$ cat data_27.txt   # compact mmCIF, C-alpha atoms
# COMPACT_ATOMS: atom_id res chain seq x y z
CA MET A 1 31.78 -3.65 5.42
CA ILE A 2 28.17 -4.19 4.49
CA GLY A 3 27.27 -4.19 8.14
CA LYS A 4 28.97 -0.89 8.75
CA ALA A 5 27.38 0.79 5.76
CA THR A 6 24.00 -0.55 6.71
CA ARG A 7 24.35 0.66 10.25
CA GLN A 8 25.33 4.15 9.22
CA LEU A 9 22.56 4.41 6.69
CA ALA A 10 20.06 2.95 9.06
CA LEU A 11 20.96 5.65 11.53
CA ALA A 12 20.65 8.28 8.87
CA GLY A 13 17.23 6.91 8.01
CA ARG A 14 15.90 7.68 11.45
CA ASN A 15 16.04 11.36 10.81
CA SER A 16 12.93 12.52 9.11
CA PHE A 17 13.04 14.57 5.98
CA PRO A 18 12.10 18.20 6.04
CA GLY A 19 8.44 18.47 5.26
CA GLN A 20 7.80 14.95 6.36
CA SER A 21 5.94 14.66 9.58
CA ARG A 22 4.77 11.65 11.41
CA THR A 23 1.63 12.65 13.19
CA GLY A 24 0.70 9.31 14.60
CA PRO A 25 1.20 5.60 14.42
CA ALA A 26 0.37 3.84 11.20
CA ASP A 27 2.06 1.48 8.85
CA TYR A 28 2.84 4.31 6.52
CA ILE A 29 4.30 7.76 6.72
CA PHE A 30 1.68 10.28 7.57
CA MET A 31 1.30 13.48 5.79
CA ASN A 32 1.28 16.93 7.03
CA ALA A 33 -1.38 17.77 4.86
CA THR A 34 -4.47 19.51 4.93
CA THR A 35 -3.71 19.86 1.26
CA ILE A 36 -4.13 16.22 0.43
CA THR A 37 -7.71 15.33 -0.17
CA ASN A 38 -7.65 13.50 -3.43
CA SER A 39 -6.01 10.38 -4.64
CA PRO A 40 -3.20 10.75 -7.16
CA ARG A 41 -5.58 9.63 -9.88
CA THR A 42 -7.82 12.62 -9.53
CA GLN A 43 -5.23 15.05 -8.32
CA GLY A 44 -2.99 15.17 -11.37
CA HIS A 45 0.24 17.04 -11.37
CA ASN A 46 1.62 19.47 -8.86
CA ASN A 47 1.44 22.82 -10.54
CA THR A 48 4.93 23.72 -9.45
CA SER A 49 6.48 20.43 -10.44
CA THR A 50 9.31 20.31 -12.91
CA ALA A 51 8.78 16.60 -13.49
CA LEU A 52 8.69 15.31 -17.04
CA THR A 53 5.13 14.90 -18.25
CA ALA A 54 3.13 12.57 -20.45
CA GLY A 55 4.29 12.39 -24.05
CA THR A 56 7.96 12.99 -23.25
CA PRO A 57 10.41 10.23 -24.20
CA ALA A 58 11.75 8.75 -20.96
CA PRO A 59 15.48 9.54 -20.68
CA ASP A 60 17.47 6.32 -20.73
CA PHE A 61 19.83 5.48 -17.90
CA ALA A 62 21.96 2.68 -16.51
CA LEU A 63 22.10 2.40 -12.72
CA LYS A 64 23.38 -0.16 -10.25
CA SER A 65 20.76 -2.24 -8.47
CA THR A 66 23.36 -4.13 -6.46
CA PRO A 67 27.11 -3.60 -6.14
CA ASP A 68 27.64 -5.77 -9.24
CA GLN A 69 24.46 -5.50 -11.27
CA VAL A 70 23.42 -2.72 -13.60
CA VAL A 71 19.87 -2.09 -14.81
CA LYS A 72 19.33 -0.18 -18.03
CA LEU A 73 15.92 1.34 -18.71
CA SER A 74 15.98 0.58 -22.42
CA GLU A 75 16.29 -3.14 -21.64
CA PHE A 76 12.62 -3.08 -20.74
CA ARG A 77 11.49 -1.71 -24.09
CA GLY A 78 8.43 -3.64 -25.22
CA ARG A 79 6.58 -3.56 -21.92
CA PRO A 80 5.47 -0.89 -19.49
CA VAL A 81 7.84 0.28 -16.76
CA VAL A 82 6.90 1.95 -13.50
CA LEU A 83 9.64 4.21 -12.16
CA ALA A 84 9.12 5.05 -8.51
CA PHE A 85 11.47 7.71 -7.16
CA TYR A 86 11.45 7.84 -3.36
CA PRO A 87 13.46 9.91 -0.89
CA ALA A 88 15.42 7.22 0.93
CA ASP A 89 15.74 3.64 2.09
CA TRP A 90 14.97 2.78 5.69
CA SER A 91 11.86 4.75 6.37
CA PRO A 92 10.90 3.58 9.82
CA VAL A 93 7.62 1.86 9.01
CA CYS A 94 6.70 -1.59 7.73
CA GLY A 95 4.14 -0.69 5.09
CA ASP A 96 6.13 2.08 3.43
CA GLN A 97 5.87 2.88 -0.25
CA MET A 98 8.36 0.27 -1.49
CA GLY A 99 6.92 -2.32 0.89
CA LEU A 100 3.48 -1.59 -0.50
CA TYR A 101 4.60 -1.99 -4.11
CA ASN A 102 6.31 -5.21 -3.12
CA GLU A 103 2.95 -6.55 -2.00
CA MET A 104 1.40 -5.39 -5.27
CA LEU A 105 3.86 -6.98 -7.68
CA SER A 106 1.27 -9.45 -8.90
CA GLU A 107 -1.07 -6.57 -9.73
CA PHE A 108 1.64 -4.88 -11.80
CA GLN A 109 2.52 -8.18 -13.44
CA GLU A 110 -1.06 -8.57 -14.65
CA TYR A 111 -0.30 -5.63 -16.91
CA GLY A 112 3.07 -7.07 -17.90
CA ALA A 113 4.73 -4.13 -16.15
CA GLU A 114 8.10 -3.94 -14.47
CA ILE A 115 8.58 -1.74 -11.40
CA LEU A 116 11.87 -0.06 -10.50
CA GLY A 117 12.45 1.90 -7.29
CA ILE A 118 15.03 4.71 -7.43
CA SER A 119 16.66 6.72 -4.69
CA VAL A 120 20.02 8.39 -4.13
CA ASP A 121 21.09 5.64 -1.73
CA GLY A 122 24.07 3.55 -2.78
CA PRO A 123 23.88 -0.06 -4.00
CA TRP A 124 25.16 -1.49 -0.70
CA CYS A 125 22.43 0.32 1.12
CA HIS A 126 19.81 -0.84 -1.36
CA SER A 127 21.01 -4.44 -1.00
CA ALA A 128 20.66 -4.32 2.76
CA PHE A 129 17.31 -2.56 2.65
CA SER A 130 15.98 -4.92 0.01
CA ARG A 131 17.05 -7.95 2.01
CA ASP A 132 15.60 -6.58 5.21
CA ARG A 133 12.21 -5.82 3.64
CA LYS A 134 12.22 -8.91 1.40
CA LEU A 135 11.68 -6.77 -1.70
CA HIS A 136 11.27 -8.67 -4.95
CA PHE A 137 11.94 -5.88 -7.43
CA PRO A 138 15.07 -3.82 -8.16
CA LEU A 139 16.03 -0.68 -6.29
CA LEU A 140 18.32 1.50 -8.36
CA ALA A 141 21.10 3.62 -6.94
CA ASP A 142 21.07 7.16 -8.34
CA PHE A 143 24.22 7.58 -6.33
CA GLU A 144 27.11 8.78 -8.49
CA PRO A 145 26.84 11.38 -9.83
CA LYS A 146 24.30 11.85 -7.13
CA GLY A 147 20.74 12.35 -8.32
CA GLU A 148 21.73 12.57 -11.99
CA VAL A 149 18.78 10.50 -13.19
CA ALA A 150 16.38 12.28 -10.86
CA ARG A 151 17.56 15.57 -12.40
CA LEU A 152 16.93 14.18 -15.90
CA TYR A 153 13.37 13.43 -14.86
CA GLY A 154 12.98 16.78 -13.09
CA VAL A 155 12.47 15.29 -9.65
CA TYR A 156 15.64 16.07 -7.69
CA ARG A 157 15.21 17.97 -4.42
CA ALA A 158 18.38 19.99 -4.14
CA SER A 159 17.33 21.36 -0.76
CA ASP A 160 17.30 17.87 0.77
CA GLY A 161 19.76 16.03 -1.44
CA THR A 162 17.09 13.43 -2.16
CA THR A 163 14.57 12.84 -4.90
CA GLU A 164 10.93 13.75 -4.87
CA ARG A 165 8.39 11.03 -4.25
CA ALA A 166 7.56 10.77 -7.94
CA LEU A 167 5.97 8.17 -10.16
CA PHE A 168 6.40 7.66 -13.90
CA VAL A 169 4.59 5.08 -15.98
CA ILE A 170 6.49 4.53 -19.22
CA ASN A 171 4.90 2.76 -22.17
CA ALA A 172 6.33 -0.08 -24.22
CA GLU A 173 7.87 2.42 -26.67
CA GLY A 174 9.73 4.21 -23.89
CA VAL A 175 7.49 7.27 -23.75
CA ILE A 176 6.14 8.63 -20.49
CA HIS A 177 2.43 7.92 -20.33
CA TRP A 178 1.71 9.32 -16.86
CA SER A 179 3.65 11.04 -14.13
CA TYR A 180 2.81 12.21 -10.65
CA VAL A 181 4.73 13.99 -7.91
CA SER A 182 3.44 13.35 -4.43
CA PRO A 183 4.10 15.66 -1.49
CA VAL A 184 7.33 14.18 -0.16
CA GLY A 185 5.78 13.01 3.11
CA VAL A 186 2.82 11.33 1.44
CA ASN A 187 2.88 7.75 0.28
CA PRO A 188 0.92 8.00 -2.98
CA GLY A 189 -0.22 4.37 -2.96
CA ALA A 190 -0.63 2.50 -6.24
CA ASP A 191 -4.02 3.49 -7.58
CA GLY A 192 -2.60 6.09 -9.98
CA ILE A 193 -0.09 3.57 -11.31
CA LEU A 194 -2.74 0.90 -11.79
CA SER A 195 -5.05 3.31 -13.62
CA ALA A 196 -2.22 4.36 -15.93
CA LEU A 197 -1.33 0.73 -16.66
CA GLU A 198 -4.95 -0.02 -17.37
CA GLU A 199 -5.11 2.89 -19.82
CA LEU A 200 -2.00 1.59 -21.56
CA GLN A 201 -3.57 -1.81 -21.88
CA GLU A 202 -6.71 -0.31 -23.35
CA LEU A 203 -4.72 1.81 -25.80
CA GLU A 204 -2.82 -1.28 -26.84
CA GLY A 205 -6.05 -3.16 -27.45
CA GLN A 206 -7.35 -0.50 -29.83
CA MET B 1 -6.06 -12.08 -21.08
CA LYS B 2 -8.43 -13.83 -18.73
CA MET B 3 -6.38 -12.62 -15.79
CA LYS B 4 -6.53 -9.07 -17.05
CA GLU B 5 -10.29 -9.19 -17.46
CA LYS B 6 -10.60 -10.53 -13.96
CA ALA B 7 -8.48 -7.70 -12.59
CA ARG B 8 -10.72 -5.16 -14.25
CA GLU B 9 -13.86 -6.81 -12.99
CA ILE B 10 -12.60 -6.74 -9.41
CA THR B 11 -11.82 -3.03 -9.55
CA ALA B 12 -15.52 -2.24 -9.52
CA LEU B 13 -15.64 -2.48 -5.71
CA PRO B 14 -16.17 1.02 -4.24
CA ALA B 15 -14.45 2.31 -1.10
CA LEU B 16 -17.76 2.05 0.75
CA PRO B 17 -19.40 -0.78 2.67
CA VAL B 18 -21.12 -3.04 0.15
CA PRO B 19 -24.20 -4.84 1.48
CA ASP B 20 -24.35 -8.62 1.02
CA ARG B 21 -20.64 -8.62 0.34
CA ASP B 22 -18.72 -6.87 3.09
CA HIS B 23 -18.63 -7.59 6.79
CA ILE B 24 -20.63 -4.73 8.21
CA GLN B 25 -21.53 -3.42 11.65
CA GLY B 26 -24.23 -0.78 12.02
CA PRO B 27 -27.03 0.20 9.67
CA ILE B 28 -26.08 0.19 5.99
CA ASP B 29 -28.02 3.43 5.49
CA ALA B 30 -26.19 5.20 8.36
CA PRO B 31 -25.08 8.74 7.41
CA ILE B 32 -21.43 8.00 8.24
CA LYS B 33 -19.71 5.11 6.52
CA LEU B 34 -16.28 3.96 7.66
CA LEU B 35 -14.34 1.32 5.76
CA GLU B 36 -11.08 -0.08 7.10
CA TYR B 37 -8.43 -1.95 5.14
CA GLY B 38 -6.42 -3.85 7.71
CA ASP B 39 -3.96 -6.63 8.42
CA TYR B 40 -4.40 -8.75 11.55
CA GLU B 41 -0.66 -8.93 12.14
CA CYS B 42 0.02 -5.21 11.67
CA PRO B 43 0.75 -3.55 15.00
CA TYR B 44 -0.76 -0.24 13.89
CA CYS B 45 -4.00 -1.97 12.96
CA GLY B 46 -3.87 -3.52 16.42
CA GLN B 47 -3.61 -0.04 17.89
CA ALA B 48 -6.47 1.20 15.74
CA TYR B 49 -8.73 -1.69 16.76
CA PRO B 50 -9.81 -0.31 20.17
CA VAL B 51 -10.06 3.17 18.63
CA VAL B 52 -12.65 1.92 16.15
CA LYS B 53 -14.53 0.19 18.97
CA GLU B 54 -14.67 3.46 20.90
CA ILE B 55 -15.80 5.34 17.81
CA GLN B 56 -18.55 2.79 17.23
CA LYS B 57 -19.70 3.21 20.81
CA ARG B 58 -19.72 6.98 20.48
CA LEU B 59 -21.51 7.20 17.12
CA GLY B 60 -23.91 4.29 17.60
CA LYS B 61 -26.43 3.94 14.81
CA ARG B 62 -25.03 6.94 12.96
CA LEU B 63 -22.07 4.78 11.88
CA CYS B 64 -21.79 1.93 9.44
CA PHE B 65 -18.40 0.16 9.73
CA ALA B 66 -16.93 -2.39 7.34
CA PHE B 67 -13.61 -4.25 7.37
CA ARG B 68 -11.67 -5.52 4.35
CA ASN B 69 -8.44 -7.49 4.28
CA PHE B 70 -5.14 -5.98 3.22
CA PRO B 71 -2.52 -8.46 4.42
CA LEU B 72 1.10 -7.36 3.91
CA ILE B 73 2.42 -10.86 3.55
CA ASN B 74 6.08 -10.03 3.06
CA SER B 75 6.22 -8.20 6.37
CA HIS B 76 3.69 -10.34 8.20
CA PRO B 77 3.98 -14.08 7.59
CA ASN B 78 0.77 -14.99 9.44
CA ALA B 79 -1.41 -12.21 8.08
CA GLU B 80 -2.78 -14.11 5.10
CA HIS B 81 -3.96 -17.15 7.03
CA ALA B 82 -5.36 -14.93 9.76
CA ALA B 83 -7.40 -13.05 7.14
CA GLU B 84 -8.59 -16.32 5.63
CA ALA B 85 -9.50 -17.63 9.08
CA ALA B 86 -11.72 -14.60 9.67
CA GLU B 87 -13.39 -15.25 6.31
CA ALA B 88 -13.80 -18.90 7.25
CA ALA B 89 -15.40 -17.82 10.53
CA ALA B 90 -17.72 -15.60 8.49
CA VAL B 91 -18.98 -18.68 6.66
CA GLN B 92 -19.99 -20.00 10.07
CA GLY B 93 -21.63 -16.68 10.88
CA ARG B 94 -18.99 -15.40 13.32
CA PHE B 95 -16.77 -12.99 11.39
CA TRP B 96 -16.68 -10.20 13.93
CA GLU B 97 -15.96 -12.49 16.86
CA MET B 98 -12.95 -13.88 15.01
CA HIS B 99 -11.89 -10.41 13.82
CA ASP B 100 -11.84 -9.25 17.45
CA VAL B 101 -9.99 -12.30 18.78
CA LEU B 102 -7.32 -11.93 16.09
CA PHE B 103 -6.68 -8.27 16.89
CA GLU B 104 -6.62 -9.06 20.59
CA ASN B 105 -4.03 -11.81 20.05
CA GLN B 106 -1.78 -10.41 17.34
CA GLU B 107 1.31 -12.05 18.78
CA ALA B 108 -0.17 -15.55 18.30
CA LEU B 109 -1.53 -16.00 14.79
CA GLU B 110 -0.08 -19.30 13.65
CA ASP B 111 -2.41 -21.97 12.28
CA ARG B 112 -2.61 -23.79 15.59
CA ASP B 113 -3.60 -20.53 17.28
CA LEU B 114 -6.29 -19.93 14.67
CA ALA B 115 -7.70 -23.40 15.38
CA ARG B 116 -7.64 -22.67 19.09
CA TYR B 117 -9.58 -19.41 18.65
CA ALA B 118 -12.12 -21.11 16.40
CA ALA B 119 -12.72 -23.77 19.05
CA ALA B 120 -12.96 -21.16 21.81
CA LEU B 121 -15.63 -19.33 19.79
CA GLY B 122 -17.59 -22.56 19.47
CA LEU B 123 -16.91 -22.86 15.76
CA ASP B 124 -16.17 -26.02 13.84
CA ALA B 125 -12.40 -25.61 14.14
CA GLN B 126 -11.58 -28.53 11.92
CA ARG B 127 -13.66 -27.13 9.10
CA LEU B 128 -12.17 -23.67 9.56
CA ILE B 129 -8.62 -24.98 9.41
CA SER B 130 -9.32 -27.19 6.44
CA GLU B 131 -10.77 -24.19 4.58
CA VAL B 132 -7.67 -22.16 5.42
CA SER B 133 -5.34 -24.98 4.38
CA SER B 134 -7.13 -25.58 1.10
CA GLY B 135 -7.15 -21.88 0.23
CA ALA B 136 -10.94 -21.71 0.13
CA HIS B 137 -10.92 -17.99 0.92
CA VAL B 138 -7.82 -16.89 -0.98
CA LEU B 139 -9.86 -15.26 -3.73
CA ARG B 140 -12.00 -13.31 -1.33
CA VAL B 141 -8.94 -11.92 0.45
CA ARG B 142 -7.34 -11.19 -2.91
CA GLU B 143 -10.43 -9.33 -4.03
CA ASP B 144 -10.32 -7.19 -0.90
CA PHE B 145 -6.64 -6.47 -1.53
CA HIS B 146 -7.22 -5.59 -5.20
CA SER B 147 -10.01 -3.21 -4.34
CA GLY B 148 -7.81 -1.51 -1.75
CA ALA B 149 -4.92 -1.17 -4.18
CA ARG B 150 -7.27 0.43 -6.69
CA SER B 151 -8.82 2.77 -4.17
CA GLY B 152 -5.51 4.21 -2.94
CA VAL B 153 -4.73 2.18 0.17
CA ASN B 154 -1.16 3.21 0.99
CA GLY B 155 -0.43 1.18 4.10
CA THR B 156 -2.31 -0.37 6.96
CA PRO B 157 -4.58 0.61 8.43
CA THR B 158 -6.15 2.78 5.75
CA PHE B 159 -9.61 4.19 6.41
CA PHE B 160 -12.15 5.53 3.96
CA ILE B 161 -14.84 7.85 5.26
CA ASN B 162 -17.90 7.97 3.02
CA GLY B 163 -15.70 6.80 0.17
CA ALA B 164 -12.80 9.26 0.60
CA ARG B 165 -9.39 8.19 1.92
CA TYR B 166 -8.74 9.47 5.43
CA ASN B 167 -5.16 10.69 5.70
CA GLY B 168 -4.96 11.58 9.37
CA PRO B 169 -3.78 9.53 12.33
CA ALA B 170 -5.75 6.49 13.46
CA GLN B 171 -6.44 8.03 16.84
CA PHE B 172 -9.74 8.60 18.56
CA GLU B 173 -10.07 12.39 18.54
CA GLU B 174 -8.81 12.89 15.00
CA LEU B 175 -10.77 10.04 13.46
CA LEU B 176 -13.96 10.99 15.30
CA GLU B 177 -13.65 14.58 14.17
CA ALA B 178 -13.16 13.54 10.56
CA LEU B 179 -16.16 11.21 10.75
CA VAL B 180 -18.44 13.81 12.29
CA ASP B 181 -17.25 16.46 9.83
CA SER B 182 -17.98 14.18 6.89
CA VAL B 183 -21.73 14.73 7.10

$ encode --input "data_27.txt" --output "structure tokens"
Amino acid sequence: MIGKATRQLALAGRNSFPGQSRTGPADYIFMNATTITNSPRTQGHNNTSTALTAGTPAPDFALKSTPDQVVKLSEFRGRPVVLAFYPADWSPVCGDQMGLYNEMLSEFQEYGAEILGISVDGPWCHSAFSRDRKLHFPLLADFEPKGEVARLYGVYRASDGTTERALFVINAEGVIHWSYVSPVGVNPGADGILSALEELQELEGQ
Amino acid sequence: MKMKEKAREITALPALPVPDRDHIQGPIDAPIKLLEYGDYECPYCGQAYPVVKEIQKRLGKRLCFAFRNFPLINSHPNAEHAAEAAEAAAVQGRFWEMHDVLFENQEALEDRDLARYAAALGLDAQRLISEVSSGAHVLRVREDFHSGARSGVNGTPTFFINGARYNGPAQFEELLEALVDSV
């Protein structure tokens, strides 16, 4: 059963998302974008974005990370949480966004932060993807009702049935400290997250 | 707290070749500065390797090129030791020779292969392997990785041209155009 689900989803993953183009070989998804010149840190928010912004309490949720495990946001109260919405499992590259964050876990841990990936894929799919990419952090299934949490955070893409590629850094009190929506074909990297975590640490020290 | 302070200290590294620290080819005061974050086991870095060579040939002294390590160790089990082996070769004054051999032999990057390449380059292979085994260059590789993470590296290879992340394909025409346009 797992095998079948994996196979189907893996096939689905080969189709690229609208707006996502792969212009050449690299270990990440290339962007279509003459528009992208700055890093997320300097770029700030998309003007058109409906994503929740800094100062907003982060809506709580409980989502499955595996077929029999549920992760609740409020369980992490007391330390920073990075929520990384991404369009789908199985992007056909080895250094994709989740793979990159996986390599950076020790950097996030230096700030005491927890990272959670979220997509509309189901928990069986996440399990298979996670195992395949050797991911060491939870992927949450915003699967049923589909995209409900993404909608709460203002980052659901109704046209595609996926979420935006969106990042939220939530402080220890559960309030959004920083958010960023990347063009869906652009892997935003981690520099914006790390800067936000550093700011939180400095605020805490004051 | 110590760890946190260290993390902050490391972030000071700019996305530009740093003299006396980075491995650099070409004049440090060249008008065009290209910095690559790469992983010796990453196939796309392997594809970019001859592209960079061609670019260097084309731009000559107008280009300063530096390479920093960004090993994706969950995907590439040999990438970390390969990176450390290149750093160990640097201690013996032969970084670029090892860098080239590693990219030209991406399918064979286990420790015994690293020793073989060191010997073939006329290096003290035993010393190189003992430095890799003892983790003598772990911190250096980590520092490279940290700096990349902070600068917006989002996969490998990632290039920075005069300090700005290059988001186009790692192919000759596109990369050359971006480099030439940067000045």

$ atom_distance --input "data_27.txt" --atom1 "atom CA of A:Lys146" --atom2 "atom CA of A:Thr56"
23.0 Å

$ closest_residue --input "data_27.txt" --among "A:Met104, A:Leu167, A:Val82, A:Ala51" --to "B:Arg150" --atoms "only C-alpha atoms"
A:Met104

$ residues_near_point --input "data_27.txt" --point "(-3.7, 1.9, 3.7)" --cutoff "10 Å" --atoms "all atoms listed in the file" --output "ChimeraX atom specification"
/A:26-28,95-96,100,187,189 /B:36-39,70,148-149,151-160,165-167

$ closest_residue --input "data_27.txt" --among "A:Glu164, A:Glu103, A:Asp142, A:Asp89" --to "A:Ala190" --atoms "all atoms listed in the file"
A:Glu103

$ closest_residue --input "data_27.txt" --among "B:Ser130, B:Ser75, B:Gln56, B:Ser147" --to "B:Gln25" --atoms "all atoms listed in the file"
B:Gln56

$ residues_around --input "data_27.txt" --residues "B:Ala83" --least-positions-apart "3" --cutoff "7 Å" --atoms "all atoms listed in the file" --output "PyMOL selection string"
chain B and resi 40+69+79-80+86-87+141

$ residues_near_point --input "data_27.txt" --point "(-27.8, 4.9, 7.4)" --cutoff "12 Å" --atoms "only C-alpha atoms" --output "short mmCIF file (atom, residue, chain, number, x, y, z; two decimals) with C-alpha atoms, keeping the file's coordinate frame"
data_model
loop_
_atom_site.label_atom_id
_atom_site.label_comp_id
_atom_site.auth_asym_id
_atom_site.auth_seq_id
_atom_site.Cartn_x
_atom_site.Cartn_y
_atom_site.Cartn_z
CA PRO B 17 -19.40 -0.78 2.67
CA PRO B 19 -24.20 -4.84 1.48
CA GLN B 25 -21.53 -3.42 11.65
CA GLY B 26 -24.23 -0.78 12.02
CA PRO B 27 -27.03 0.20 9.67
CA ILE B 28 -26.08 0.19 5.99
CA ASP B 29 -28.02 3.43 5.49
CA ALA B 30 -26.19 5.20 8.36
CA PRO B 31 -25.08 8.74 7.41
CA ILE B 32 -21.43 8.00 8.24
CA LYS B 33 -19.71 5.11 6.52
CA LEU B 34 -16.28 3.96 7.66
CA LEU B 59 -21.51 7.20 17.12
CA GLY B 60 -23.91 4.29 17.60
CA LYS B 61 -26.43 3.94 14.81
CA ARG B 62 -25.03 6.94 12.96
CA LEU B 63 -22.07 4.78 11.88
CA CYS B 64 -21.79 1.93 9.44
CA PHE B 65 -18.40 0.16 9.73
CA ASN B 162 -17.90 7.97 3.02
CA VAL B 183 -21.73 14.73 7.10
#

$ atom_distance --input "data_27.txt" --atom1 "atom CA of A:Glu202" --atom2 "atom CA of A:Arg165"
26.9 Å

$ residues_around --input "data_27.txt" --residues "A:Ala88" --least-positions-apart "3" --cutoff "8 Å" --atoms "only C-alpha atoms" --output "NGL selection string"
:A and (13 or 91 or 119-121 or 162)

$ atom_distance --input "data_27.txt" --atom1 "atom CA of B:Arg68" --atom2 "atom CA of B:Cys45"
12.1 Å

$ axis_aligned_box --input "data_27.txt" --around "stretch 149-154 of chain A" --padding-each-side "8 Å" --output "JSON"
{"center_x": 15.9, "center_y": 13.6, "center_z": -13.4, "size_x": 21.8, "size_y": 22.3, "size_z": 21.0}

$ closest_residue --input "data_27.txt" --among "A:Ser74, A:Ser127, A:Ser106, A:Ser179" --to "chain B" --atoms "only C-alpha atoms"
A:Ser106

$ residues_around --input "data_27.txt" --residues "stretch 90-93 of chain B" --least-positions-apart "2" --cutoff "12 Å" --atoms "only C-alpha atoms" --output "list in words"
Arg21, Asp22, His23, Ile24, Ala83, Glu84, Ala85, Ala86, Glu87, Ala88, Phe95, Trp96, Glu97, Met98, His99, Ala118, Leu121, Gly122, Leu123, Asp124, Ala125, Arg127, Leu128, Glu131, Val132, Ala136, His137 and Arg140 of chain B

$ closest_residue --input "data_27.txt" --among "A:Leu139, A:Leu63, A:Ile176, A:Tyr156" --to "A:Ala196" --atoms "all atoms listed in the file"
A:Ile176

$ closest_residue --input "data_27.txt" --among "A:Leu116, A:Leu135, A:Leu203, A:Val70" --to "A:Phe168" --atoms "only C-alpha atoms"
A:Leu116

$ residues_around --input "data_27.txt" --residues "A:Leu105" --least-positions-apart "2" --cutoff "12 Å" --atoms "all atoms listed in the file" --output "ChimeraX atom specification"
/A:82,98-103,107-116,135-138,190,193-194 /B:72-74,146,149
